[in-house]
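Below is the file input_3.pdb, which contains PDB, C-alpha atoms.
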ATOM      1  CA  MET A  37       0.000   0.000   0.000
ATOM      2  CA  ARG A  38       2.964   2.337   0.416
ATOM      3  CA  TYR A  39       3.062   2.872  -3.364
ATOM      4  CA  VAL A  40      -0.604   3.856  -3.521
ATOM      5  CA  GLU A  41      -0.189   6.175  -0.544
ATOM      6  CA  ALA A  42       2.934   7.735  -2.080
ATOM      7  CA  VAL A  43       0.939   8.556  -5.227
ATOM      8  CA  ALA A  44      -1.826  10.072  -3.098
ATOM      9  CA  GLU A  45       0.718  12.357  -1.401
ATOM     10  CA  GLU A  46       2.175  13.350  -4.776
ATOM     11  CA  ILE A  47      -1.293  14.176  -6.116
ATOM     12  CA  ALA A  48      -1.974  16.321  -3.059
ATOM     13  CA  GLN A  49       1.204  18.308  -3.700
ATOM     14  CA  ASN A  50       0.263  19.041  -7.317
ATOM     15  CA  ILE A  51      -3.525  19.309  -7.432
ATOM     16  CA  ARG A  52      -4.908  22.526  -8.938
ATOM     17  CA  GLY A  53      -8.688  22.819  -8.983
ATOM     18  CA  TYR A  54     -11.340  20.088  -8.712
ATOM     19  CA  LYS A  55     -10.151  16.592  -9.658
ATOM     20  CA  VAL A  56     -11.546  13.072  -9.727
ATOM     21  CA  ILE A  57      -8.911  10.708  -8.316
ATOM     22  CA  VAL A  58      -9.465   7.141  -9.532
ATOM     23  CA  THR A  59      -8.090   3.965  -7.959
ATOM     24  CA  LYS A  60      -7.671   1.160 -10.496
ATOM     25  CA  SER A  61      -5.541  -1.052  -8.252
ATOM     26  CA  THR A  62      -6.898  -3.950  -6.222
ATOM     27  CA  VAL A  63      -6.783  -2.415  -2.754
ATOM     28  CA  PRO A  64      -8.222  -3.371   0.662
ATOM     29  CA  VAL A  65     -11.713  -2.216   1.523
ATOM     30  CA  GLY A  66     -11.450   1.207   3.150
ATOM     31  CA  THR A  67      -8.571   2.415   0.968
ATOM     32  CA  GLY A  68     -10.742   5.084  -0.694
ATOM     33  CA  ALA A  69     -11.518   6.650   2.678
ATOM     34  CA  ARG A  70      -7.853   6.377   3.663
ATOM     35  CA  LEU A  71      -6.716   8.118   0.471
ATOM     36  CA  ARG A  72      -9.195  10.943   1.076
ATOM     37  CA  LYS A  73      -7.649  11.539   4.505
ATOM     38  CA  ILE A  74      -4.077  11.441   3.154
ATOM     39  CA  ILE A  75      -4.810  13.866   0.320
ATOM     40  CA  SER A  76      -6.816  16.224   2.550
ATOM     41  CA  ARG A  77      -3.967  16.299   5.067
ATOM     42  CA  LYS A  78      -1.272  16.949   2.440
ATOM     43  CA  LEU A  79      -3.074  19.601   0.349
ATOM     44  CA  LYS A  80      -1.218  22.906   0.078
ATOM     45  CA  GLU A  81      -4.531  24.783   0.042
ATOM     46  CA  GLN A  82      -8.170  23.796   0.454
ATOM     47  CA  MET A  83      -9.312  22.071  -2.739
ATOM     48  CA  ASP A  84     -12.381  20.067  -3.748
ATOM     49  CA  PHE A  85     -11.786  16.534  -5.067
ATOM     50  CA  ASP A  86     -13.528  13.167  -5.288
ATOM     51  CA  ILE A  87     -12.254   9.631  -4.841
ATOM     52  CA  VAL A  88     -13.506   6.887  -7.169
ATOM     53  CA  SER A  89     -12.903   3.139  -7.035
ATOM     54  CA  ASN A  90     -12.837   1.734 -10.580
ATOM     55  CA  PRO A  91     -11.237  -1.737 -10.285
ATOM     56  CA  GLU A  92      -9.767  -3.365 -13.401
ATOM     57  CA  PHE A  93     -10.620  -6.908 -14.440
ATOM     58  CA  LEU A  94      -7.941  -7.501 -17.060
ATOM     59  CA  ARG A  95      -6.831 -11.114 -17.529
ATOM     60  CA  GLU A  96      -3.170 -11.762 -18.279
ATOM     61  CA  GLY A  97      -2.866 -12.768 -21.916
ATOM     62  CA  SER A  98      -6.222 -11.161 -22.793
ATOM     63  CA  ALA A  99      -5.775  -7.630 -21.460
ATOM     64  CA  ILE A 100      -6.459  -5.714 -24.687
ATOM     65  CA  GLU A 101      -9.678  -7.610 -25.419
ATOM     66  CA  ASP A 102     -10.807  -7.160 -21.803
ATOM     67  CA  PHE A 103     -10.063  -3.428 -21.984
ATOM     68  CA  MET A 104     -11.924  -2.910 -25.260
ATOM     69  CA  ARG A 105     -14.863  -5.193 -24.437
ATOM     70  CA  PRO A 106     -15.150  -5.584 -20.656
ATOM     71  CA  ASN A 107     -17.778  -7.786 -19.012
ATOM     72  CA  ARG A 108     -18.697  -4.885 -16.752
ATOM     73  CA  VAL A 109     -17.482  -1.527 -15.486
ATOM     74  CA  ILE A 110     -17.591  -0.919 -11.718
ATOM     75  CA  ILE A 111     -17.745   2.692 -10.505
ATOM     76  CA  GLY A 112     -17.653   3.294  -6.774
ATOM     77  CA  ALA A 113     -18.159   6.917  -5.718
ATOM     78  CA  SER A 114     -20.001   9.072  -3.203
ATOM     79  CA  SER A 115     -20.404  12.044  -5.560
ATOM     80  CA  GLN A 116     -22.836  12.284  -8.478
ATOM     81  CA  GLN A 117     -20.447  14.694 -10.172
ATOM     82  CA  ALA A 118     -17.667  12.077 -10.071
ATOM     83  CA  VAL A 119     -20.042   9.396 -11.393
ATOM     84  CA  ALA A 120     -21.069  11.675 -14.282
ATOM     85  CA  ILE A 121     -17.412  12.312 -15.196
ATOM     86  CA  MET A 122     -16.624   8.577 -15.104
ATOM     87  CA  LYS A 123     -19.634   7.778 -17.287
ATOM     88  CA  ASP A 124     -18.462  10.379 -19.778
ATOM     89  CA  LEU A 125     -14.968   8.878 -19.725
ATOM     90  CA  TYR A 126     -16.414   5.449 -20.515
ATOM     91  CA  GLY A 127     -18.839   6.848 -23.112
ATOM     92  CA  PRO A 128     -17.696   4.533 -25.957
ATOM     93  CA  LEU A 129     -18.583   1.461 -23.894
ATOM     94  CA  TYR A 130     -22.219   2.594 -23.672
ATOM     95  CA  LEU A 131     -22.388   2.110 -27.444
ATOM     96  CA  ILE A 132     -21.634  -1.602 -27.091
ATOM     97  CA  GLU A 133     -24.031  -1.896 -24.102
ATOM     98  CA  THR A 134     -21.409  -2.756 -21.507
ATOM     99  CA  PRO A 135     -23.089  -3.268 -18.096
ATOM    100  CA  PHE A 136     -22.253  -0.549 -15.548
ATOM    101  CA  VAL A 137     -22.466  -1.030 -11.781
ATOM    102  CA  ILE A 138     -22.683   2.256  -9.878
ATOM    103  CA  THR A 139     -22.174   1.839  -6.142
ATOM    104  CA  ASN A 140     -20.295   3.218  -3.149
ATOM    105  CA  ILE A 141     -16.516   3.040  -2.836
ATOM    106  CA  GLU A 142     -16.372   0.213  -0.288
ATOM    107  CA  THR A 143     -18.619  -2.013  -2.394
ATOM    108  CA  ALA A 144     -16.552  -1.391  -5.532
ATOM    109  CA  GLU A 145     -13.369  -2.275  -3.629
ATOM    110  CA  LEU A 146     -14.901  -5.518  -2.374
ATOM    111  CA  ILE A 147     -16.324  -6.598  -5.762
ATOM    112  CA  LYS A 148     -12.817  -7.224  -7.124
ATOM    113  CA  TYR A 149     -11.791  -9.379  -4.149
ATOM    114  CA  ALA A 150     -15.108 -11.239  -4.187
ATOM    115  CA  SER A 151     -14.813 -11.956  -7.926
ATOM    116  CA  ASN A 152     -11.273 -13.319  -7.804
ATOM    117  CA  SER A 153     -11.918 -15.277  -4.629
ATOM    118  CA  PHE A 154     -15.004 -16.924  -6.126
ATOM    119  CA  LEU A 155     -13.007 -18.043  -9.171
ATOM    120  CA  ALA A 156     -10.309 -19.407  -6.856
ATOM    121  CA  VAL A 157     -12.997 -21.307  -4.926
ATOM    122  CA  LYS A 158     -14.304 -22.744  -8.207
ATOM    123  CA  ILE A 159     -10.820 -23.961  -9.205
ATOM    124  CA  SER A 160     -10.184 -25.508  -5.794
ATOM    125  CA  PHE A 161     -13.594 -27.182  -5.884
ATOM    126  CA  ILE A 162     -13.013 -28.924  -9.217
ATOM    127  CA  ASN A 163      -9.508 -29.927  -8.082
ATOM    128  CA  GLU A 164     -11.007 -31.615  -5.033
ATOM    129  CA  MET A 165     -13.633 -33.297  -7.241
ATOM    130  CA  ALA A 166     -10.786 -34.521  -9.476
ATOM    131  CA  ASN A 167      -9.068 -36.093  -6.479
ATOM    132  CA  LEU A 168     -12.350 -37.788  -5.546
ATOM    133  CA  CYS A 169     -12.803 -38.975  -9.145
ATOM    134  CA  ASP A 170      -9.458 -40.763  -8.968
ATOM    135  CA  ARG A 171     -10.608 -42.591  -5.838
ATOM    136  CA  VAL A 172     -14.047 -43.675  -7.107
ATOM    137  CA  GLY A 173     -13.263 -44.306 -10.789
ATOM    138  CA  ALA A 174     -15.105 -41.299 -12.218
ATOM    139  CA  ASP A 175     -13.975 -38.957 -15.009
ATOM    140  CA  VAL A 176     -13.615 -35.357 -13.864
ATOM    141  CA  HIS A 177     -13.997 -34.056 -17.429
ATOM    142  CA  MET A 178     -17.488 -35.540 -17.602
ATOM    143  CA  VAL A 179     -18.254 -34.324 -14.081
ATOM    144  CA  ALA A 180     -17.196 -30.792 -15.079
ATOM    145  CA  LYS A 181     -19.199 -30.969 -18.312
ATOM    146  CA  GLY A 182     -22.303 -32.149 -16.463
ATOM    147  CA  MET A 183     -21.900 -29.363 -13.914
ATOM    148  CA  GLY A 184     -21.078 -26.648 -16.445
ATOM    149  CA  LEU A 185     -24.215 -27.248 -18.515
ATOM    150  CA  ASP A 186     -26.171 -25.932 -15.543
ATOM    151  CA  HIS A 187     -26.343 -22.208 -16.376
ATOM    152  CA  ARG A 188     -26.256 -21.360 -12.680
ATOM    153  CA  ILE A 189     -22.765 -22.903 -12.520
ATOM    154  CA  GLY A 190     -21.262 -22.418 -16.001
ATOM    155  CA  SER A 191     -18.290 -24.216 -17.531
ATOM    156  CA  LYS A 192     -15.567 -21.627 -16.919
ATOM    157  CA  PHE A 193     -12.829 -22.420 -14.365
ATOM    158  CA  LEU A 194     -13.878 -26.059 -14.053
ATOM    159  CA  HIS A 195     -10.537 -27.374 -15.317
ATOM    160  CA  PRO A 196      -8.514 -29.399 -12.801
ATOM    161  CA  GLY A 197      -4.760 -29.019 -12.540
ATOM    162  CA  PRO A 198      -1.870 -28.547 -10.115
ATOM    163  CA  GLY A 199      -3.443 -25.494  -8.427
ATOM    164  CA  TYR A 200      -3.849 -21.836  -9.310
ATOM    165  CA  GLY A 201      -1.001 -19.306  -9.281
ATOM    166  CA  GLY A 202      -0.252 -15.889 -10.722
ATOM    167  CA  SER A 203      -0.369 -12.362  -9.409
ATOM    168  CA  CYS A 204      -4.088 -12.186  -8.532
ATOM    169  CA  PHE A 205      -5.741 -15.276  -7.063
ATOM    170  CA  PRO A 206      -3.135 -16.105  -4.370
ATOM    171  CA  LYS A 207      -2.737 -12.462  -3.347
ATOM    172  CA  ASP A 208      -6.429 -11.552  -3.436
ATOM    173  CA  THR A 209      -7.682 -14.598  -1.538
ATOM    174  CA  ARG A 210      -5.130 -13.975   1.216
ATOM    175  CA  ALA A 211      -6.050 -10.282   1.253
ATOM    176  CA  LEU A 212      -9.754 -11.089   1.584
ATOM    177  CA  LEU A 213      -8.978 -13.370   4.539
ATOM    178  CA  THR A 214      -7.009 -10.536   6.162
ATOM    179  CA  ILE A 215      -9.797  -8.000   5.532
ATOM    180  CA  ALA A 216     -12.380 -10.388   7.001
ATOM    181  CA  GLU A 217     -10.217 -11.095  10.045
ATOM    182  CA  LYS A 218      -9.709  -7.378  10.619
ATOM    183  CA  HIS A 219     -13.479  -6.894  10.690
ATOM    184  CA  ASN A 220     -14.209 -10.035  12.743
ATOM    185  CA  ALA A 221     -15.963 -11.790   9.852
ATOM    186  CA  ASP A 222     -15.502 -15.427   8.896
ATOM    187  CA  VAL A 223     -15.021 -16.394   5.233
ATOM    188  CA  GLY A 224     -14.421 -20.084   5.756
ATOM    189  CA  VAL A 225     -15.130 -21.027   2.141
ATOM    190  CA  VAL A 226     -12.276 -18.829   0.914
ATOM    191  CA  ARG A 227      -9.966 -20.115   3.653
ATOM    192  CA  ALA A 228     -10.757 -23.677   2.589
ATOM    193  CA  ALA A 229     -10.056 -22.820  -1.069
ATOM    194  CA  VAL A 230      -6.625 -21.429  -0.161
ATOM    195  CA  ALA A 231      -5.823 -24.546   1.876
ATOM    196  CA  ALA A 232      -7.083 -26.816  -0.924
ATOM    197  CA  ASN A 233      -4.899 -25.003  -3.442
ATOM    198  CA  GLU A 234      -1.792 -25.541  -1.327
ATOM    199  CA  GLN A 235      -2.727 -29.192  -0.930
ATOM    200  CA  GLN A 236      -3.202 -29.564  -4.679
ATOM    201  CA  LYS A 237       0.423 -28.583  -5.282
ATOM    202  CA  HIS A 238       1.492 -31.275  -2.795
ATOM    203  CA  ASN A 239      -0.829 -33.731  -4.565
ATOM    204  CA  ALA A 240       0.928 -33.033  -7.880
ATOM    205  CA  VAL A 241       4.321 -33.826  -6.350
ATOM    206  CA  GLU A 242       2.941 -36.912  -4.617
ATOM    207  CA  LYS A 243       1.453 -38.121  -7.913
ATOM    208  CA  ILE A 244       4.929 -37.984  -9.448
ATOM    209  CA  ARG A 245       6.537 -39.606  -6.406
ATOM    210  CA  SER A 246       4.019 -42.456  -6.202
ATOM    211  CA  GLY A 247       4.286 -43.086  -9.936
ATOM    212  CA  MET A 248       8.087 -43.012 -10.124
ATOM    213  CA  GLY A 249       9.163 -44.233  -6.693
ATOM    214  CA  ASP A 250      12.548 -42.881  -5.600
ATOM    215  CA  LEU A 251      13.180 -39.585  -7.426
ATOM    216  CA  LYS A 252      16.890 -39.348  -6.676
ATOM    217  CA  ALA A 253      19.094 -38.958  -9.776
ATOM    218  CA  LYS A 254      16.083 -39.221 -12.097
ATOM    219  CA  THR A 255      15.711 -36.575 -14.824
ATOM    220  CA  PHE A 256      12.388 -34.790 -15.273
ATOM    221  CA  ALA A 257      11.359 -32.832 -18.360
ATOM    222  CA  ILE A 258       9.076 -29.992 -17.243
ATOM    223  CA  LEU A 259       6.937 -28.546 -20.031
ATOM    224  CA  GLY A 260       5.486 -25.176 -19.063
ATOM    225  CA  LEU A 261       6.796 -22.809 -16.396
ATOM    226  CA  SER A 262       4.490 -19.767 -16.357
ATOM    227  CA  PHE A 263       1.396 -19.997 -14.175
ATOM    228  CA  LYS A 264      -0.855 -20.108 -17.266
ATOM    229  CA  PRO A 265      -0.493 -19.898 -21.085
ATOM    230  CA  ASN A 266       0.014 -16.647 -23.012
ATOM    231  CA  THR A 267       2.018 -14.977 -20.262
ATOM    232  CA  ASN A 268       5.579 -15.134 -18.938
ATOM    233  CA  ASP A 269       4.371 -14.545 -15.373
ATOM    234  CA  MET A 270       6.096 -16.886 -12.923
ATOM    235  CA  ARG A 271       4.568 -15.432  -9.777
ATOM    236  CA  GLU A 272       3.408 -18.300  -7.523
ATOM    237  CA  ALA A 273       3.379 -20.632 -10.532
ATOM    238  CA  PRO A 274       2.771 -24.306  -9.635
ATOM    239  CA  SER A 275       5.921 -25.135 -11.609
ATOM    240  CA  ILE A 276       8.041 -23.450  -8.921
ATOM    241  CA  PHE A 277       6.608 -25.638  -6.156
ATOM    242  CA  ILE A 278       6.952 -28.813  -8.231
ATOM    243  CA  ILE A 279      10.513 -28.119  -9.418
ATOM    244  CA  GLU A 280      11.707 -27.108  -5.938
ATOM    245  CA  HIS A 281      10.405 -30.397  -4.513
ATOM    246  CA  LEU A 282      12.014 -32.402  -7.296
ATOM    247  CA  LEU A 283      15.333 -30.682  -6.621
ATOM    248  CA  LYS A 284      14.998 -31.351  -2.880
ATOM    249  CA  ALA A 285      14.557 -35.024  -3.741
ATOM    250  CA  LYS A 286      17.924 -34.856  -5.597
ATOM    251  CA  ALA A 287      16.277 -35.188  -9.016
ATOM    252  CA  LYS A 288      17.565 -33.445 -12.131
ATOM    253  CA  VAL A 289      15.278 -31.022 -13.956
ATOM    254  CA  LYS A 290      15.189 -29.902 -17.588
ATOM    255  CA  ALA A 291      12.564 -27.307 -18.484
ATOM    256  CA  PHE A 292      11.005 -25.585 -21.461
ATOM    257  CA  ASP A 293       8.475 -22.764 -21.775
ATOM    258  CA  PRO A 294       7.691 -20.773 -24.958
ATOM    259  CA  ILE A 295       8.242 -17.353 -23.355
ATOM    260  CA  ALA A 296       8.984 -17.662 -19.620
ATOM    261  CA  MET A 297      12.537 -19.026 -19.776
ATOM    262  CA  GLU A 298      14.308 -15.802 -18.800
ATOM    263  CA  ASP A 299      11.838 -15.260 -15.959
ATOM    264  CA  ALA A 300      12.468 -18.819 -14.784
ATOM    265  CA  LYS A 301      16.227 -18.175 -14.707
ATOM    266  CA  ALA A 302      15.573 -15.399 -12.181
ATOM    267  CA  VAL A 303      13.866 -18.011  -9.969
ATOM    268  CA  PHE A 304      16.027 -21.131 -10.415
ATOM    269  CA  GLY A 305      19.349 -19.775 -11.655
ATOM    270  CA  SER A 306      21.609 -22.642 -12.711
ATOM    271  CA  ALA A 307      19.797 -25.275 -10.627
ATOM    272  CA  ILE A 308      17.941 -26.579 -13.696
ATOM    273  CA  HIS A 309      18.730 -27.035 -17.400
ATOM    274  CA  TYR A 310      16.898 -24.751 -19.858
ATOM    275  CA  ALA A 311      16.015 -26.521 -23.102
ATOM    276  CA  LYS A 312      15.649 -24.831 -26.492
ATOM    277  CA  THR A 313      12.645 -26.867 -27.679
ATOM    278  CA  PRO A 314      10.120 -29.272 -26.125
ATOM    279  CA  TYR A 315      11.866 -32.223 -27.777
ATOM    280  CA  ASP A 316      15.286 -31.060 -26.596
ATOM    281  CA  CYS A 317      13.785 -30.971 -23.107
ATOM    282  CA  LEU A 318      12.472 -34.525 -23.394
ATOM    283  CA  LYS A 319      15.655 -36.132 -24.700
ATOM    284  CA  GLY A 320      17.030 -38.650 -22.198
ATOM    285  CA  ALA A 321      14.541 -37.753 -19.450
ATOM    286  CA  ASP A 322      13.010 -40.404 -17.180
ATOM    287  CA  ALA A 323       9.622 -38.662 -17.223
ATOM    288  CA  VAL A 324       7.765 -35.714 -18.734
ATOM    289  CA  VAL A 325       5.580 -33.420 -16.617
ATOM    290  CA  ILE A 326       3.169 -31.014 -18.346
ATOM    291  CA  VAL A 327       2.564 -28.136 -15.935
ATOM    292  CA  THR A 328       1.251 -25.338 -18.204
ATOM    293  CA  GLU A 329      -1.269 -26.009 -20.991
ATOM    294  CA  TRP A 330       0.416 -24.102 -23.805
ATOM    295  CA  ASN A 331      -1.210 -24.828 -27.180
ATOM    296  CA  GLU A 332       2.053 -26.111 -28.623
ATOM    297  CA  PHE A 333       2.040 -28.901 -26.025
ATOM    298  CA  ARG A 334      -1.379 -30.115 -27.193
ATOM    299  CA  ASN A 335      -0.180 -31.649 -30.426
ATOM    300  CA  LEU A 336       3.235 -33.112 -29.678
ATOM    301  CA  GLU A 337       4.479 -36.115 -31.667
ATOM    302  CA  LEU A 338       3.740 -38.774 -29.086
ATOM    303  CA  MET A 339       5.797 -41.585 -30.596
ATOM    304  CA  LYS A 340       8.744 -39.195 -30.920
ATOM    305  CA  ILE A 341       8.329 -38.360 -27.234
ATOM    306  CA  LYS A 342       8.316 -42.039 -26.338
ATOM    307  CA  ALA A 343      11.500 -42.590 -28.328
ATOM    308  CA  LEU A 344      13.245 -39.624 -26.682
ATOM    309  CA  LEU A 345      12.332 -40.581 -23.112
ATOM    310  CA  LYS A 346      14.485 -43.032 -21.179
ATOM    311  CA  THR A 347      11.317 -44.465 -19.590
ATOM    312  CA  PRO A 348       7.766 -43.649 -20.804
ATOM    313  CA  TYR A 349       6.442 -41.888 -17.684
ATOM    314  CA  PHE A 350       4.022 -39.114 -18.648
ATOM    315  CA  PHE A 351       2.523 -36.852 -15.969
ATOM    316  CA  ASP A 352      -0.173 -34.730 -17.613
ATOM    317  CA  LEU A 353      -1.130 -32.279 -14.856
ATOM    318  CA  ARG A 354      -3.407 -30.358 -17.252
ATOM    319  CA  ASN A 355      -5.288 -33.310 -18.770
ATOM    320  CA  ILE A 356      -4.282 -32.371 -22.318
ATOM    321  CA  TYR A 357      -4.227 -35.944 -23.656
ATOM    322  CA  GLU A 358      -6.688 -38.830 -23.603
ATOM    323  CA  PRO A 359      -5.783 -41.482 -20.993
ATOM    324  CA  ALA A 360      -6.921 -44.461 -23.103
ATOM    325  CA  LYS A 361      -4.894 -43.335 -26.123
ATOM    326  CA  MET A 362      -1.772 -42.652 -24.054
ATOM    327  CA  LYS A 363      -1.906 -46.040 -22.361
ATOM    328  CA  LYS A 364      -2.514 -47.764 -25.698
ATOM    329  CA  LEU A 365       0.664 -46.109 -27.023
ATOM    330  CA  GLY A 366       2.583 -47.633 -24.115
ATOM    331  CA  PHE A 367       2.976 -44.615 -21.829
ATOM    332  CA  LYS A 368       2.795 -44.921 -18.068
ATOM    333  CA  TYR A 369       0.261 -42.097 -18.055
ATOM    334  CA  PHE A 370      -0.908 -40.100 -15.031
ATOM    335  CA  CYS A 371      -3.400 -37.221 -15.150
ATOM    336  CA  VAL A 372      -5.773 -35.396 -12.778
ATOM    337  CA  GLY A 373      -9.156 -36.931 -12.035
ATOM    338  CA  ARG A 374      -9.226 -39.312 -15.035
ATOM    339  CA  ASN A 375      -7.217 -42.254 -13.707
TER     340      ASN A 375
END

Rewrite the structure of this file - the entire thing - as structure tokens.
Amino acid sequence: MRYVEAVAEEIAQNIRGYKVIVTKSTVPVGTGARLRKIISRKLKEQMDFDIVSNPEFLREGSAIEDFMRPNRVIIGASSQQAVAIMKDLYGPLYLIETPFVITNIETAELIKYASNSFLAVKISFINEMANLCDRVGADVHMVAKGMGLDHRIGSKFLHPGPGYGGSCFPKDTRALLTIAEKHNADVGVVRAAVAANEQQKHNAVEKIRSGMGDLKAKTFAILGLSFKPNTNDMREAPSIFIIEHLLKAKAKVKAFDPIAMEDAKAVFGSAIHYAKTPYDCLKGADAVVIVTEWNEFRNLELMKIKALLKTPYFFDLRNIYEPAKMKKLGFKYFCVGRN
């Protein structure tokens, strides 16, 4: 928050005449009121201004599309003048009938946390269903499809994997827990989702360990390092957790990602080998682990992979391939919720 507060102080030093001061950042509930106090205290002379909360909902890898055609625009303000100025600013979006939600500042601040936390809950839920599917012999893809056809649920974010990562979901769920604790409120569902996400990372490592046995001196080809496709963002990526545990077990790691290699070097340094292509990564490895569902991993030459691997262990943590086909080709195939 020190960066946001520093900007507020700088605005106060330079403000000339009435201004609308807009917070786009994801900030704790009550930040708008806090910024008003900071700016009022630092003003050189008495000046009228309004604070607006206008949270952004840009997805990494789809930011331009989300900016041009947003699902909704949230405007939190206590002044009709500020609301009118914001509506004018967003005038072009009225032409494409973008939904607008006009509310108070605290509500606008909470909407962003509630939205991201709900999506995190949805991911953790389907991950737990996937784990149950493995125990009872069900197929999580069919479970997700059956659920998603219910319009009250929808099909988005019902894709099991090694847990969520990135710059938003981990940070925002933890922030919501802190906000709730500060105000003596219990958000047990969100707390459970955070715990389930941590457990899912452990489950991914355990899946590899139980499939391979002793990991010492074995070489693993990790395909995908960023927390999701179409971004180089390594922040809290499941790959970090998985690779660190493999290294602790004295395994060797080769890795490939289409665009996150330099970012990965900042995390792992020389502890792992950085391959130039997916097939270079696979050569001589004891097992392949797909961690990020990049499109170029969806259509790999499977028989070439089998020939390059020392042993045909294939850990598909994103369920890209069909289990029956992989087993028919002779792979020792492990996925999530389809075993």

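Evaluating the PyMOL selection byres ((chain A and resi 290) around 6) against the shown model yields Ala257, Val289, Ala291, Ile308, His309, Tyr310 and Cys317 of chain A.
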
- Hits of the PyMOL selection byres ((chain A and resi 237) around 7) in this structure, as a PyMOL selection string: chain A and resi 198-199+233-236+238-241+274+277

Cut-off 10 Å: closest range 217-328 of chain A/range 83-98 of chain A atom pairs per residue, using all atoms listed in the file, as a Markdown table:
| residue | atom | partner | partner_atom | distance |
| --- | --- | --- | --- | --- |
| A:Lys264 | CA | A:Glu96 | CA | 8.7 |
| A:Pro265 | CA | A:Gly97 | CA | 7.6 |
| A:Asn266 | CA | A:Gly97 | CA | 5.0 |
| A:Thr267 | CA | A:Gly97 | CA | 5.6 |
| A:Asn268 | CA | A:Gly97 | CA | 9.3 |
| A:Asp269 | CA | A:Glu96 | CA | 8.5 |

- Apply the PyMOL selection byres ((chain A and resi 215) around 12) to the file shown and report the selected residues as a PyMOL selection string. chain A and resi 63-67+145-146+149-150+208-214+216-223

- Message: With 6 Å as the threshold, what does the neighbourhood of (18.6, -35.1, -8.6) contain in terms of residues, counting all atoms listed in the file? Coordinates are those of the file; answer as a list in words.
- Response: Lys252, Ala253, Lys254, Leu283, Lys286, Ala287 and Lys288 of chain A

- What separation in Å, quoted to one decimal, exists between CA of Ser115 in chain A and CA of Gly127 in chain A?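 CA of Gly127 in chain A lies 18.4 Å from CA of Ser115 in chain A.
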